[in-house]
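Pasted below: target34.cif, mmCIF, N, CA and C atoms.
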data_work
loop_
_atom_site.label_atom_id
_atom_site.label_comp_id
_atom_site.auth_asym_id
_atom_site.auth_seq_id
_atom_site.Cartn_x
_atom_site.Cartn_y
_atom_site.Cartn_z
N ASP A 9 -31.56 14.91 -66.25
CA ASP A 9 -30.11 14.97 -66.23
C ASP A 9 -29.60 15.85 -65.09
N LEU A 10 -30.18 15.74 -63.90
CA LEU A 10 -29.70 16.52 -62.76
C LEU A 10 -28.46 15.84 -62.20
N LYS A 11 -27.36 16.59 -62.12
CA LYS A 11 -26.11 16.06 -61.60
C LYS A 11 -25.60 16.98 -60.51
N ILE A 12 -25.17 16.37 -59.40
CA ILE A 12 -24.54 17.12 -58.32
C ILE A 12 -23.10 16.62 -58.23
N SER A 13 -22.13 17.55 -58.22
CA SER A 13 -20.72 17.17 -58.29
C SER A 13 -20.30 16.26 -57.14
N LYS A 14 -20.90 16.42 -55.95
CA LYS A 14 -20.65 15.54 -54.81
C LYS A 14 -21.98 15.37 -54.08
N LYS A 15 -22.29 14.15 -53.67
CA LYS A 15 -23.54 13.89 -52.96
C LYS A 15 -23.42 14.18 -51.46
N GLU A 16 -22.18 14.20 -50.95
CA GLU A 16 -21.92 14.51 -49.54
C GLU A 16 -20.84 15.58 -49.46
N ILE A 17 -21.09 16.59 -48.62
CA ILE A 17 -20.12 17.67 -48.46
C ILE A 17 -20.00 18.03 -46.98
N GLY A 18 -18.94 18.75 -46.65
CA GLY A 18 -18.77 19.32 -45.32
C GLY A 18 -19.52 20.64 -45.24
N ILE A 19 -19.64 21.18 -44.02
CA ILE A 19 -20.43 22.40 -43.86
C ILE A 19 -19.83 23.64 -44.51
N ASN A 20 -18.54 23.59 -44.88
CA ASN A 20 -17.90 24.74 -45.52
C ASN A 20 -17.64 24.52 -47.01
N GLU A 21 -18.19 23.45 -47.57
CA GLU A 21 -17.94 23.12 -48.97
C GLU A 21 -19.08 23.59 -49.88
N SER A 22 -18.73 23.77 -51.15
CA SER A 22 -19.71 24.09 -52.20
C SER A 22 -19.78 22.93 -53.18
N VAL A 23 -20.87 22.87 -53.93
CA VAL A 23 -21.02 21.85 -54.98
C VAL A 23 -21.58 22.52 -56.22
N LYS A 24 -21.38 21.86 -57.35
CA LYS A 24 -21.97 22.30 -58.62
C LYS A 24 -23.19 21.43 -58.91
N VAL A 25 -24.28 22.08 -59.28
CA VAL A 25 -25.50 21.40 -59.68
C VAL A 25 -25.71 21.71 -61.16
N THR A 26 -25.81 20.67 -61.97
CA THR A 26 -25.91 20.83 -63.41
C THR A 26 -27.13 20.08 -63.93
N CYS A 27 -27.81 20.69 -64.90
CA CYS A 27 -28.93 20.02 -65.55
C CYS A 27 -28.96 20.43 -67.02
N LYS A 28 -29.61 19.59 -67.81
CA LYS A 28 -29.75 19.87 -69.23
C LYS A 28 -31.19 20.29 -69.50
N ILE A 29 -31.34 21.40 -70.20
CA ILE A 29 -32.65 21.94 -70.56
C ILE A 29 -32.80 21.83 -72.07
N LYS A 30 -33.95 21.31 -72.51
CA LYS A 30 -34.18 21.14 -73.95
C LYS A 30 -35.49 21.80 -74.35
N ASN A 31 -35.45 22.52 -75.46
CA ASN A 31 -36.66 23.09 -76.05
C ASN A 31 -37.27 22.02 -76.94
N THR A 32 -38.36 21.45 -76.51
CA THR A 32 -39.02 20.39 -77.29
C THR A 32 -40.05 20.96 -78.26
N GLY A 33 -40.20 22.28 -78.26
CA GLY A 33 -41.17 22.92 -79.14
C GLY A 33 -40.62 23.18 -80.53
N SER A 34 -41.46 23.79 -81.36
CA SER A 34 -41.08 24.05 -82.76
C SER A 34 -40.66 25.50 -82.98
N VAL A 35 -40.64 26.32 -81.93
CA VAL A 35 -40.20 27.70 -82.05
C VAL A 35 -39.18 28.01 -80.95
N ALA A 36 -38.36 29.03 -81.18
CA ALA A 36 -37.38 29.45 -80.18
C ALA A 36 -38.10 30.08 -79.00
N GLY A 37 -37.44 30.03 -77.85
CA GLY A 37 -38.06 30.63 -76.67
C GLY A 37 -37.08 30.75 -75.53
N ASP A 38 -37.50 31.47 -74.49
CA ASP A 38 -36.71 31.64 -73.28
C ASP A 38 -37.28 30.75 -72.18
N GLU A 39 -36.41 30.34 -71.29
CA GLU A 39 -36.81 29.58 -70.10
C GLU A 39 -36.05 30.16 -68.92
N VAL A 40 -36.72 30.28 -67.79
CA VAL A 40 -36.06 30.68 -66.56
C VAL A 40 -35.91 29.42 -65.71
N VAL A 41 -34.68 28.94 -65.62
CA VAL A 41 -34.37 27.73 -64.86
C VAL A 41 -34.16 28.16 -63.42
N GLN A 42 -34.94 27.56 -62.50
CA GLN A 42 -34.91 27.99 -61.11
C GLN A 42 -34.38 26.88 -60.21
N LEU A 43 -33.52 27.27 -59.26
CA LEU A 43 -32.95 26.35 -58.28
C LEU A 43 -33.62 26.59 -56.93
N TYR A 44 -34.19 25.52 -56.37
CA TYR A 44 -34.82 25.58 -55.05
C TYR A 44 -34.10 24.62 -54.12
N ILE A 45 -34.04 24.98 -52.83
CA ILE A 45 -33.41 24.12 -51.82
C ILE A 45 -34.33 24.03 -50.62
N LYS A 46 -34.46 22.82 -50.08
CA LYS A 46 -35.25 22.59 -48.87
C LYS A 46 -34.39 21.83 -47.87
N ASP A 47 -34.24 22.39 -46.68
CA ASP A 47 -33.57 21.70 -45.57
C ASP A 47 -34.61 20.74 -45.00
N LEU A 48 -34.36 19.44 -45.10
CA LEU A 48 -35.38 18.46 -44.72
C LEU A 48 -35.65 18.42 -43.22
N ILE A 49 -34.62 18.60 -42.38
CA ILE A 49 -34.83 18.61 -40.93
C ILE A 49 -33.99 19.74 -40.34
N ALA A 50 -34.59 20.92 -40.24
CA ALA A 50 -33.90 22.08 -39.68
C ALA A 50 -34.29 22.26 -38.21
N THR A 51 -33.37 22.78 -37.42
CA THR A 51 -33.64 23.04 -36.01
C THR A 51 -34.72 24.11 -35.85
N PHE A 52 -34.71 25.11 -36.73
CA PHE A 52 -35.66 26.20 -36.67
C PHE A 52 -36.56 26.17 -37.90
N ALA A 53 -37.77 26.69 -37.78
CA ALA A 53 -38.73 26.69 -38.87
C ALA A 53 -38.14 27.36 -40.11
N GLN A 54 -38.37 26.74 -41.25
CA GLN A 54 -37.87 27.23 -42.53
C GLN A 54 -39.00 27.26 -43.55
N PRO A 55 -38.83 28.02 -44.63
CA PRO A 55 -39.83 27.99 -45.70
C PRO A 55 -39.97 26.57 -46.26
N VAL A 56 -41.12 26.27 -46.84
CA VAL A 56 -41.34 24.95 -47.43
C VAL A 56 -40.25 24.66 -48.47
N ILE A 57 -40.03 25.58 -49.38
CA ILE A 57 -38.88 25.54 -50.28
C ILE A 57 -38.41 26.98 -50.49
N ALA A 58 -37.14 27.14 -50.83
CA ALA A 58 -36.59 28.48 -50.99
C ALA A 58 -35.90 28.59 -52.34
N LEU A 59 -36.24 29.64 -53.08
CA LEU A 59 -35.57 29.93 -54.34
C LEU A 59 -34.16 30.43 -54.03
N LYS A 60 -33.14 29.74 -54.55
CA LYS A 60 -31.76 30.11 -54.24
C LYS A 60 -30.97 30.55 -55.47
N GLY A 61 -31.56 30.41 -56.65
CA GLY A 61 -30.86 30.85 -57.85
C GLY A 61 -31.75 30.67 -59.07
N PHE A 62 -31.43 31.42 -60.12
CA PHE A 62 -32.15 31.26 -61.38
C PHE A 62 -31.28 31.75 -62.53
N GLN A 63 -31.56 31.24 -63.72
CA GLN A 63 -30.86 31.66 -64.93
C GLN A 63 -31.86 31.69 -66.07
N ARG A 64 -31.87 32.78 -66.82
CA ARG A 64 -32.70 32.85 -68.03
C ARG A 64 -31.83 32.41 -69.21
N ILE A 65 -32.36 31.47 -69.97
CA ILE A 65 -31.63 31.01 -71.15
C ILE A 65 -32.53 31.09 -72.37
N HIS A 66 -31.92 31.25 -73.53
CA HIS A 66 -32.66 31.26 -74.80
C HIS A 66 -32.32 29.97 -75.54
N LEU A 67 -33.35 29.31 -76.03
CA LEU A 67 -33.16 28.04 -76.76
C LEU A 67 -33.86 28.12 -78.10
N LYS A 68 -33.14 27.72 -79.15
CA LYS A 68 -33.77 27.56 -80.46
C LYS A 68 -34.62 26.30 -80.43
N ALA A 69 -35.48 26.14 -81.39
CA ALA A 69 -36.32 24.95 -81.46
C ALA A 69 -35.44 23.70 -81.50
N GLY A 70 -35.70 22.76 -80.60
CA GLY A 70 -34.95 21.51 -80.54
C GLY A 70 -33.59 21.61 -79.87
N GLU A 71 -33.16 22.80 -79.47
CA GLU A 71 -31.84 22.99 -78.87
C GLU A 71 -31.81 22.58 -77.40
N SER A 72 -30.65 22.09 -76.96
CA SER A 72 -30.42 21.76 -75.55
C SER A 72 -29.26 22.60 -75.03
N LYS A 73 -29.33 22.96 -73.76
CA LYS A 73 -28.23 23.67 -73.10
C LYS A 73 -28.06 23.11 -71.71
N GLU A 74 -26.82 23.14 -71.25
CA GLU A 74 -26.52 22.73 -69.89
C GLU A 74 -26.49 23.98 -69.02
N VAL A 75 -27.13 23.90 -67.87
CA VAL A 75 -27.18 25.01 -66.92
C VAL A 75 -26.51 24.54 -65.63
N THR A 76 -25.63 25.38 -65.08
CA THR A 76 -24.91 25.03 -63.86
C THR A 76 -25.13 26.09 -62.79
N PHE A 77 -25.40 25.61 -61.58
CA PHE A 77 -25.51 26.46 -60.41
C PHE A 77 -24.44 26.03 -59.42
N SER A 78 -23.90 26.97 -58.68
CA SER A 78 -23.00 26.67 -57.57
C SER A 78 -23.81 26.78 -56.29
N VAL A 79 -23.85 25.70 -55.50
CA VAL A 79 -24.54 25.71 -54.22
C VAL A 79 -23.48 25.92 -53.15
N THR A 80 -23.56 27.07 -52.50
CA THR A 80 -22.55 27.49 -51.52
C THR A 80 -23.08 27.27 -50.09
N PRO A 81 -22.18 27.31 -49.11
CA PRO A 81 -22.63 27.22 -47.71
C PRO A 81 -23.65 28.30 -47.36
N GLU A 82 -23.51 29.49 -47.92
CA GLU A 82 -24.46 30.57 -47.65
C GLU A 82 -25.87 30.20 -48.09
N MET A 83 -25.98 29.44 -49.18
CA MET A 83 -27.29 29.03 -49.68
C MET A 83 -27.93 27.95 -48.80
N LEU A 84 -27.11 27.24 -48.04
CA LEU A 84 -27.60 26.17 -47.18
C LEU A 84 -27.78 26.63 -45.73
N SER A 85 -27.38 27.85 -45.43
CA SER A 85 -27.39 28.30 -44.04
C SER A 85 -28.78 28.75 -43.59
N ILE A 86 -28.98 28.66 -42.27
CA ILE A 86 -30.18 29.19 -41.63
C ILE A 86 -29.71 30.08 -40.48
N LEU A 87 -30.61 30.85 -39.92
CA LEU A 87 -30.26 31.68 -38.78
C LEU A 87 -30.52 30.91 -37.49
N ASP A 88 -29.53 30.93 -36.58
CA ASP A 88 -29.69 30.24 -35.30
C ASP A 88 -30.39 31.16 -34.30
N GLU A 89 -30.45 30.73 -33.03
CA GLU A 89 -31.16 31.51 -32.01
C GLU A 89 -30.54 32.88 -31.76
N LYS A 90 -29.26 33.06 -32.13
CA LYS A 90 -28.60 34.35 -31.98
C LYS A 90 -28.62 35.15 -33.28
N LEU A 91 -29.42 34.66 -34.23
CA LEU A 91 -29.56 35.26 -35.56
C LEU A 91 -28.25 35.28 -36.33
N GLN A 92 -27.43 34.25 -36.09
CA GLN A 92 -26.18 34.07 -36.82
C GLN A 92 -26.38 32.97 -37.86
N PRO A 93 -25.86 33.15 -39.08
CA PRO A 93 -26.02 32.10 -40.08
C PRO A 93 -25.19 30.87 -39.73
N VAL A 94 -25.80 29.68 -39.86
CA VAL A 94 -25.10 28.42 -39.61
C VAL A 94 -25.61 27.39 -40.60
N VAL A 95 -24.71 26.50 -41.00
CA VAL A 95 -25.08 25.37 -41.85
C VAL A 95 -25.20 24.16 -40.94
N GLU A 96 -26.39 23.57 -40.89
CA GLU A 96 -26.60 22.39 -40.06
C GLU A 96 -26.37 21.13 -40.88
N PRO A 97 -25.74 20.12 -40.28
CA PRO A 97 -25.60 18.84 -40.98
C PRO A 97 -26.99 18.24 -41.24
N GLY A 98 -27.09 17.49 -42.32
CA GLY A 98 -28.36 16.84 -42.65
C GLY A 98 -28.58 16.78 -44.14
N ASP A 99 -29.79 16.40 -44.52
CA ASP A 99 -30.15 16.26 -45.92
C ASP A 99 -30.86 17.50 -46.44
N PHE A 100 -30.51 17.87 -47.66
CA PHE A 100 -31.12 18.99 -48.35
C PHE A 100 -31.66 18.50 -49.68
N LYS A 101 -32.89 18.85 -49.98
CA LYS A 101 -33.46 18.50 -51.28
C LYS A 101 -33.10 19.61 -52.26
N ILE A 102 -32.46 19.22 -53.36
CA ILE A 102 -32.08 20.15 -54.42
C ILE A 102 -33.08 19.97 -55.55
N MET A 103 -33.73 21.05 -55.96
CA MET A 103 -34.80 20.97 -56.96
C MET A 103 -34.59 21.98 -58.07
N ILE A 104 -34.90 21.58 -59.29
CA ILE A 104 -34.85 22.44 -60.46
C ILE A 104 -36.24 22.47 -61.07
N GLY A 105 -36.70 23.66 -61.43
CA GLY A 105 -38.02 23.76 -62.04
C GLY A 105 -38.20 25.06 -62.78
N ALA A 106 -39.38 25.16 -63.41
CA ALA A 106 -39.76 26.40 -64.10
C ALA A 106 -40.44 27.35 -63.12
N SER A 107 -40.92 26.80 -61.99
CA SER A 107 -41.51 27.58 -60.90
C SER A 107 -41.58 26.66 -59.69
N SER A 108 -41.98 27.20 -58.54
CA SER A 108 -42.09 26.37 -57.34
C SER A 108 -43.21 25.34 -57.48
N ALA A 109 -44.17 25.62 -58.34
CA ALA A 109 -45.27 24.68 -58.58
C ALA A 109 -44.96 23.71 -59.71
N ASP A 110 -43.82 23.89 -60.37
CA ASP A 110 -43.46 23.06 -61.53
C ASP A 110 -42.03 22.55 -61.38
N ILE A 111 -41.79 21.76 -60.33
CA ILE A 111 -40.47 21.17 -60.10
C ILE A 111 -40.32 19.95 -61.01
N ARG A 112 -39.24 19.92 -61.79
CA ARG A 112 -39.07 18.84 -62.76
C ARG A 112 -37.94 17.88 -62.42
N LEU A 113 -36.95 18.34 -61.64
CA LEU A 113 -35.81 17.50 -61.27
C LEU A 113 -35.54 17.68 -59.79
N MET A 114 -35.17 16.59 -59.10
CA MET A 114 -34.77 16.73 -57.71
C MET A 114 -33.81 15.63 -57.31
N SER A 115 -32.98 15.97 -56.33
CA SER A 115 -31.99 15.03 -55.80
C SER A 115 -31.67 15.47 -54.38
N LEU A 116 -30.96 14.60 -53.65
CA LEU A 116 -30.58 14.90 -52.29
C LEU A 116 -29.09 15.24 -52.18
N LEU A 117 -28.78 16.17 -51.31
CA LEU A 117 -27.42 16.53 -50.96
C LEU A 117 -27.31 16.38 -49.45
N THR A 118 -26.26 15.69 -48.99
CA THR A 118 -26.06 15.48 -47.57
C THR A 118 -24.90 16.32 -47.09
N VAL A 119 -25.13 17.07 -46.01
CA VAL A 119 -24.08 17.87 -45.38
C VAL A 119 -23.64 17.13 -44.13
N LYS A 120 -22.34 16.83 -44.03
CA LYS A 120 -21.80 16.10 -42.86
C LYS A 120 -21.17 17.06 -41.88
#

Encoded form using structure tokens:
Amino acid sequence: DLKISKKEIGINESVKVTCKIKNTGSVAGDEVVQLYIKDLIATFAQPVIALKGFQRIHLKAGESKEVTFSVTPEMLSILDEKLQPVVEPGDFKIMIGASSADIRLMSLLTVK
């Protein structure tokens, strides 16, 4: 249930990323929902994926909760040759997971 409020944005726009998390177990527990972003074609070298947000939630057995992240221009920016932050147009992979090795949801966001 990964939803992005807009699939295409301008370089100064933000979007909401929402997903539903469900405890499928028989006991209550906590989950740390993590938001990762990857710039698919950046002018300068970037990390393979970057952790940009997280939320710890508590779920009772069988309970579902909706988690929302705001993806801002600052989260999409990279440093240019003058070490100034800039948002480059292109595609960004938006990923939700329990860790970087356990990505469970992903979608694309295009910056125009």

Determine, counting only C-alpha atoms, which protein, DNA and RNA residues have an atom within 10 Å of an atom of Val35 in chain A; residues of the same chain fewer than 5 positions away are not included. Present the result as an mmCIF file with N, CA and C atoms, keeping the file's coordinate frame.
data_model
loop_
_atom_site.group_PDB
_atom_site.id
_atom_site.type_symbol
_atom_site.label_atom_id
_atom_site.label_comp_id
_atom_site.auth_asym_id
_atom_site.auth_seq_id
_atom_site.Cartn_x
_atom_site.Cartn_y
_atom_site.Cartn_z
ATOM 1 N N LEU A 67 -33.350 29.310 -76.030
ATOM 2 C CA LEU A 67 -33.160 28.040 -76.760
ATOM 3 C C LEU A 67 -33.860 28.120 -78.100
ATOM 4 N N LYS A 68 -33.140 27.720 -79.150
ATOM 5 C CA LYS A 68 -33.770 27.560 -80.460
ATOM 6 C C LYS A 68 -34.620 26.300 -80.430
ATOM 7 N N ALA A 69 -35.480 26.140 -81.390
ATOM 8 C CA ALA A 69 -36.320 24.950 -81.460
ATOM 9 C C ALA A 69 -35.440 23.700 -81.500
ATOM 10 N N GLY A 70 -35.700 22.760 -80.600
ATOM 11 C CA GLY A 70 -34.950 21.510 -80.540
ATOM 12 C C GLY A 70 -33.590 21.610 -79.870
#

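Secondary structure from DSSP on the backbone puts helix (DSSP H, G or I) at the following positions of chain A: Pro81, Glu82, Met83 and Leu84 of chain A.
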
Write out as a PDB file with N, CA and C atoms, in the coordinates of the input which residues come within 7 Å of Lys73 in chain A when counting only C-alpha atoms, dropping same-chain ones fewer than 4 positions away.
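Output file out_0.pdb follows:
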ATOM      1  N   LYS A  28     -29.610  19.590 -67.810  1.00  0.00           N
ATOM      2  CA  LYS A  28     -29.750  19.870 -69.230  1.00  0.00           C
ATOM      3  C   LYS A  28     -31.190  20.290 -69.500  1.00  0.00           C
ATOM      4  N   ILE A  29     -31.340  21.400 -70.200  1.00  0.00           N
ATOM      5  CA  ILE A  29     -32.650  21.940 -70.560  1.00  0.00           C
ATOM      6  C   ILE A  29     -32.800  21.830 -72.070  1.00  0.00           C
ATOM      7  N   LYS A  30     -33.950  21.310 -72.510  1.00  0.00           N
ATOM      8  CA  LYS A  30     -34.180  21.140 -73.950  1.00  0.00           C
ATOM      9  C   LYS A  30     -35.490  21.800 -74.350  1.00  0.00           C
TER      10      LYS A  30
END

Under the rule that only N, CA and C atoms are counted, which of A:Arg112, A:His66, A:Lys101, A:Lys120 is the nearest residue to Tyr44 in chain A?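 For Tyr44 in chain A, the nearest of the candidates is A:Lys101.
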
Taking the DSSP assignment computed from this structure's backbone, write out as a PDB file with N, CA and C atoms, keeping the file's coordinate frame all residues of range 51-89 of chain A that belong to strand (DSSP E or B).
ATOM      1  N   ALA A  58     -37.140  27.140 -50.830  1.00  0.00           N
ATOM      2  CA  ALA A  58     -36.590  28.480 -50.990  1.00  0.00           C
ATOM      3  C   ALA A  58     -35.900  28.590 -52.340  1.00  0.00           C
ATOM      4  N   LEU A  59     -36.240  29.640 -53.080  1.00  0.00           N
ATOM      5  CA  LEU A  59     -35.570  29.930 -54.340  1.00  0.00           C
ATOM      6  C   LEU A  59     -34.160  30.430 -54.030  1.00  0.00           C
ATOM      7  N   LYS A  60     -33.140  29.740 -54.550  1.00  0.00           N
ATOM      8  CA  LYS A  60     -31.760  30.110 -54.240  1.00  0.00           C
ATOM      9  C   LYS A  60     -30.970  30.550 -55.470  1.00  0.00           C
ATOM     10  N   GLY A  61     -31.560  30.410 -56.650  1.00  0.00           N
ATOM     11  CA  GLY A  61     -30.860  30.850 -57.850  1.00  0.00           C
ATOM     12  C   GLY A  61     -31.750  30.670 -59.070  1.00  0.00           C
ATOM     13  N   PHE A  62     -31.430  31.420 -60.120  1.00  0.00           N
ATOM     14  CA  PHE A  62     -32.150  31.260 -61.380  1.00  0.00           C
ATOM     15  C   PHE A  62     -31.280  31.750 -62.530  1.00  0.00           C
ATOM     16  N   GLN A  63     -31.560  31.240 -63.720  1.00  0.00           N
ATOM     17  CA  GLN A  63     -30.860  31.660 -64.930  1.00  0.00           C
ATOM     18  C   GLN A  63     -31.860  31.690 -66.070  1.00  0.00           C
ATOM     19  N   ARG A  64     -31.870  32.780 -66.820  1.00  0.00           N
ATOM     20  CA  ARG A  64     -32.700  32.850 -68.030  1.00  0.00           C
ATOM     21  C   ARG A  64     -31.830  32.410 -69.210  1.00  0.00           C
ATOM     22  N   ILE A  65     -32.360  31.470 -69.970  1.00  0.00           N
ATOM     23  CA  ILE A  65     -31.630  31.010 -71.150  1.00  0.00           C
ATOM     24  C   ILE A  65     -32.530  31.090 -72.370  1.00  0.00           C
ATOM     25  N   HIS A  66     -31.920  31.250 -73.530  1.00  0.00           N
ATOM     26  CA  HIS A  66     -32.660  31.260 -74.800  1.00  0.00           C
ATOM     27  C   HIS A  66     -32.320  29.970 -75.540  1.00  0.00           C
ATOM     28  N   LEU A  67     -33.350  29.310 -76.030  1.00  0.00           N
ATOM     29  CA  LEU A  67     -33.160  28.040 -76.760  1.00  0.00           C
ATOM     30  C   LEU A  67     -33.860  28.120 -78.100  1.00  0.00           C
ATOM     31  N   SER A  72     -30.650  22.090 -76.960  1.00  0.00           N
ATOM     32  CA  SER A  72     -30.420  21.760 -75.550  1.00  0.00           C
ATOM     33  C   SER A  72     -29.260  22.600 -75.030  1.00  0.00           C
ATOM     34  N   LYS A  73     -29.330  22.960 -73.760  1.00  0.00           N
ATOM     35  CA  LYS A  73     -28.230  23.670 -73.100  1.00  0.00           C
ATOM     36  C   LYS A  73     -28.060  23.110 -71.710  1.00  0.00           C
ATOM     37  N   GLU A  74     -26.820  23.140 -71.250  1.00  0.00           N
ATOM     38  CA  GLU A  74     -26.520  22.730 -69.890  1.00  0.00           C
ATOM     39  C   GLU A  74     -26.490  23.980 -69.020  1.00  0.00           C
ATOM     40  N   VAL A  75     -27.130  23.900 -67.870  1.00  0.00           N
ATOM     41  CA  VAL A  75     -27.180  25.010 -66.920  1.00  0.00           C
ATOM     42  C   VAL A  75     -26.510  24.540 -65.630  1.00  0.00           C
ATOM     43  N   THR A  76     -25.630  25.380 -65.080  1.00  0.00           N
ATOM     44  CA  THR A  76     -24.910  25.030 -63.860  1.00  0.00           C
ATOM     45  C   THR A  76     -25.130  26.090 -62.790  1.00  0.00           C
ATOM     46  N   PHE A  77     -25.400  25.610 -61.580  1.00  0.00           N
ATOM     47  CA  PHE A  77     -25.510  26.460 -60.410  1.00  0.00           C
ATOM     48  C   PHE A  77     -24.440  26.030 -59.420  1.00  0.00           C
ATOM     49  N   SER A  78     -23.900  26.970 -58.680  1.00  0.00           N
ATOM     50  CA  SER A  78     -23.000  26.670 -57.570  1.00  0.00           C
ATOM     51  C   SER A  78     -23.810  26.780 -56.290  1.00  0.00           C
ATOM     52  N   VAL A  79     -23.850  25.700 -55.500  1.00  0.00           N
ATOM     53  CA  VAL A  79     -24.540  25.710 -54.220  1.00  0.00           C
ATOM     54  C   VAL A  79     -23.480  25.920 -53.150  1.00  0.00           C
ATOM     55  N   ILE A  86     -28.980  28.660 -42.270  1.00  0.00           N
ATOM     56  CA  ILE A  86     -30.180  29.190 -41.630  1.00  0.00           C
ATOM     57  C   ILE A  86     -29.710  30.080 -40.480  1.00  0.00           C
ATOM     58  N   LEU A  87     -30.610  30.850 -39.920  1.00  0.00           N
ATOM     59  CA  LEU A  87     -30.260  31.680 -38.780  1.00  0.00           C
ATOM     60  C   LEU A  87     -30.520  30.910 -37.490  1.00  0.00           C
TER      61      LEU A  87
END

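Note that CA of Lys11 in chain A and CA of Thr76 in chain A are 9.3 Å apart.
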
Residues picked by the PyMOL selection byres ((chain A and resi 23) around 6) here, as an mmCIF file with N, CA and C atoms, keeping the file's coordinate frame?
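Wrote it out as out_23.cif, contents follow:
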data_model
loop_
_atom_site.group_PDB
_atom_site.id
_atom_site.type_symbol
_atom_site.label_atom_id
_atom_site.label_comp_id
_atom_site.auth_asym_id
_atom_site.auth_seq_id
_atom_site.Cartn_x
_atom_site.Cartn_y
_atom_site.Cartn_z
ATOM 1 N N SER A 13 -22.130 17.550 -58.220
ATOM 2 C CA SER A 13 -20.720 17.170 -58.290
ATOM 3 C C SER A 13 -20.300 16.260 -57.140
ATOM 4 N N LYS A 14 -20.900 16.420 -55.950
ATOM 5 C CA LYS A 14 -20.650 15.540 -54.810
ATOM 6 C C LYS A 14 -21.980 15.370 -54.080
ATOM 7 N N GLU A 21 -18.190 23.450 -47.570
ATOM 8 C CA GLU A 21 -17.940 23.120 -48.970
ATOM 9 C C GLU A 21 -19.080 23.590 -49.880
ATOM 10 N N SER A 22 -18.730 23.770 -51.150
ATOM 11 C CA SER A 22 -19.710 24.090 -52.200
ATOM 12 C C SER A 22 -19.780 22.930 -53.180
ATOM 13 N N LYS A 24 -21.380 21.860 -57.350
ATOM 14 C CA LYS A 24 -21.970 22.300 -58.620
ATOM 15 C C LYS A 24 -23.190 21.430 -58.910
ATOM 16 N N VAL A 25 -24.280 22.080 -59.280
ATOM 17 C CA VAL A 25 -25.500 21.400 -59.680
ATOM 18 C C VAL A 25 -25.710 21.710 -61.160
ATOM 19 N N PHE A 77 -25.400 25.610 -61.580
ATOM 20 C CA PHE A 77 -25.510 26.460 -60.410
ATOM 21 C C PHE A 77 -24.440 26.030 -59.420
ATOM 22 N N SER A 78 -23.900 26.970 -58.680
ATOM 23 C CA SER A 78 -23.000 26.670 -57.570
ATOM 24 C C SER A 78 -23.810 26.780 -56.290
ATOM 25 N N VAL A 79 -23.850 25.700 -55.500
ATOM 26 C CA VAL A 79 -24.540 25.710 -54.220
ATOM 27 C C VAL A 79 -23.480 25.920 -53.150
ATOM 28 N N THR A 80 -23.560 27.070 -52.500
ATOM 29 C CA THR A 80 -22.550 27.490 -51.520
ATOM 30 C C THR A 80 -23.080 27.270 -50.090
#

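You can rank A:Ile65, A:Lys46, A:Ile104, A:Pro55 by their closest distance to Thr118 in chain A using only C-alpha atoms, and at the top of that list sits A:Lys46.
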
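Distance-wise, atom N of Gly37 in chain A and CA of Lys60 in chain A end up 24.3 Å apart.
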
For Val75 in chain A, the closest of A:Cys27, A:Ser34, A:Gly61, A:Ala106 counting only N, CA and C atoms is A:Cys27

Within 9 Å of (-32.9, 14.4, -47.5) in the file's own coordinates, which protein, DNA or RNA residues have an atom, counting only C-alpha atoms? List them as a list of chain:residue names.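 Returned residue set, sorted by chain then number, is A:Lys46, A:Asp47, A:Leu48, A:Ile49, A:Gly98, A:Asp99, A:Phe100, A:Lys101, A:Ser115, A:Leu116, A:Leu117, A:Thr118.
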
Resulting file, chosen residues, N, CA and C atoms, as a short mmCIF file (atom, residue, chain, number, x, y, z; two decimals), in the frame of the given file:
data_model
loop_
_atom_site.label_atom_id
_atom_site.label_comp_id
_atom_site.auth_asym_id
_atom_site.auth_seq_id
_atom_site.Cartn_x
_atom_site.Cartn_y
_atom_site.Cartn_z
N LYS A 46 -34.46 22.82 -50.08
CA LYS A 46 -35.25 22.59 -48.87
C LYS A 46 -34.39 21.83 -47.87
N ASP A 47 -34.24 22.39 -46.68
CA ASP A 47 -33.57 21.70 -45.57
C ASP A 47 -34.61 20.74 -45.00
N LEU A 48 -34.36 19.44 -45.10
CA LEU A 48 -35.38 18.46 -44.72
C LEU A 48 -35.65 18.42 -43.22
N ILE A 49 -34.62 18.60 -42.38
CA ILE A 49 -34.83 18.61 -40.93
C ILE A 49 -33.99 19.74 -40.34
N GLY A 98 -27.09 17.49 -42.32
CA GLY A 98 -28.36 16.84 -42.65
C GLY A 98 -28.58 16.78 -44.14
N ASP A 99 -29.79 16.40 -44.52
CA ASP A 99 -30.15 16.26 -45.92
C ASP A 99 -30.86 17.50 -46.44
N PHE A 100 -30.51 17.87 -47.66
CA PHE A 100 -31.12 18.99 -48.35
C PHE A 100 -31.66 18.50 -49.68
N LYS A 101 -32.89 18.85 -49.98
CA LYS A 101 -33.46 18.50 -51.28
C LYS A 101 -33.10 19.61 -52.26
N SER A 115 -32.98 15.97 -56.33
CA SER A 115 -31.99 15.03 -55.80
C SER A 115 -31.67 15.47 -54.38
N LEU A 116 -30.96 14.60 -53.65
CA LEU A 116 -30.58 14.90 -52.29
C LEU A 116 -29.09 15.24 -52.18
N LEU A 117 -28.78 16.17 -51.31
CA LEU A 117 -27.42 16.53 -50.96
C LEU A 117 -27.31 16.38 -49.45
N THR A 118 -26.26 15.69 -48.99
CA THR A 118 -26.06 15.48 -47.57
C THR A 118 -24.90 16.32 -47.09
#

Need to verify the contact set: Met103 in chain A, 5 Å, all atoms listed in the file, exclusion of same-chain residues closer than 4 positions in sequence. Can you return it as a PyMOL selection string? chain A and resi 43-44+113-114
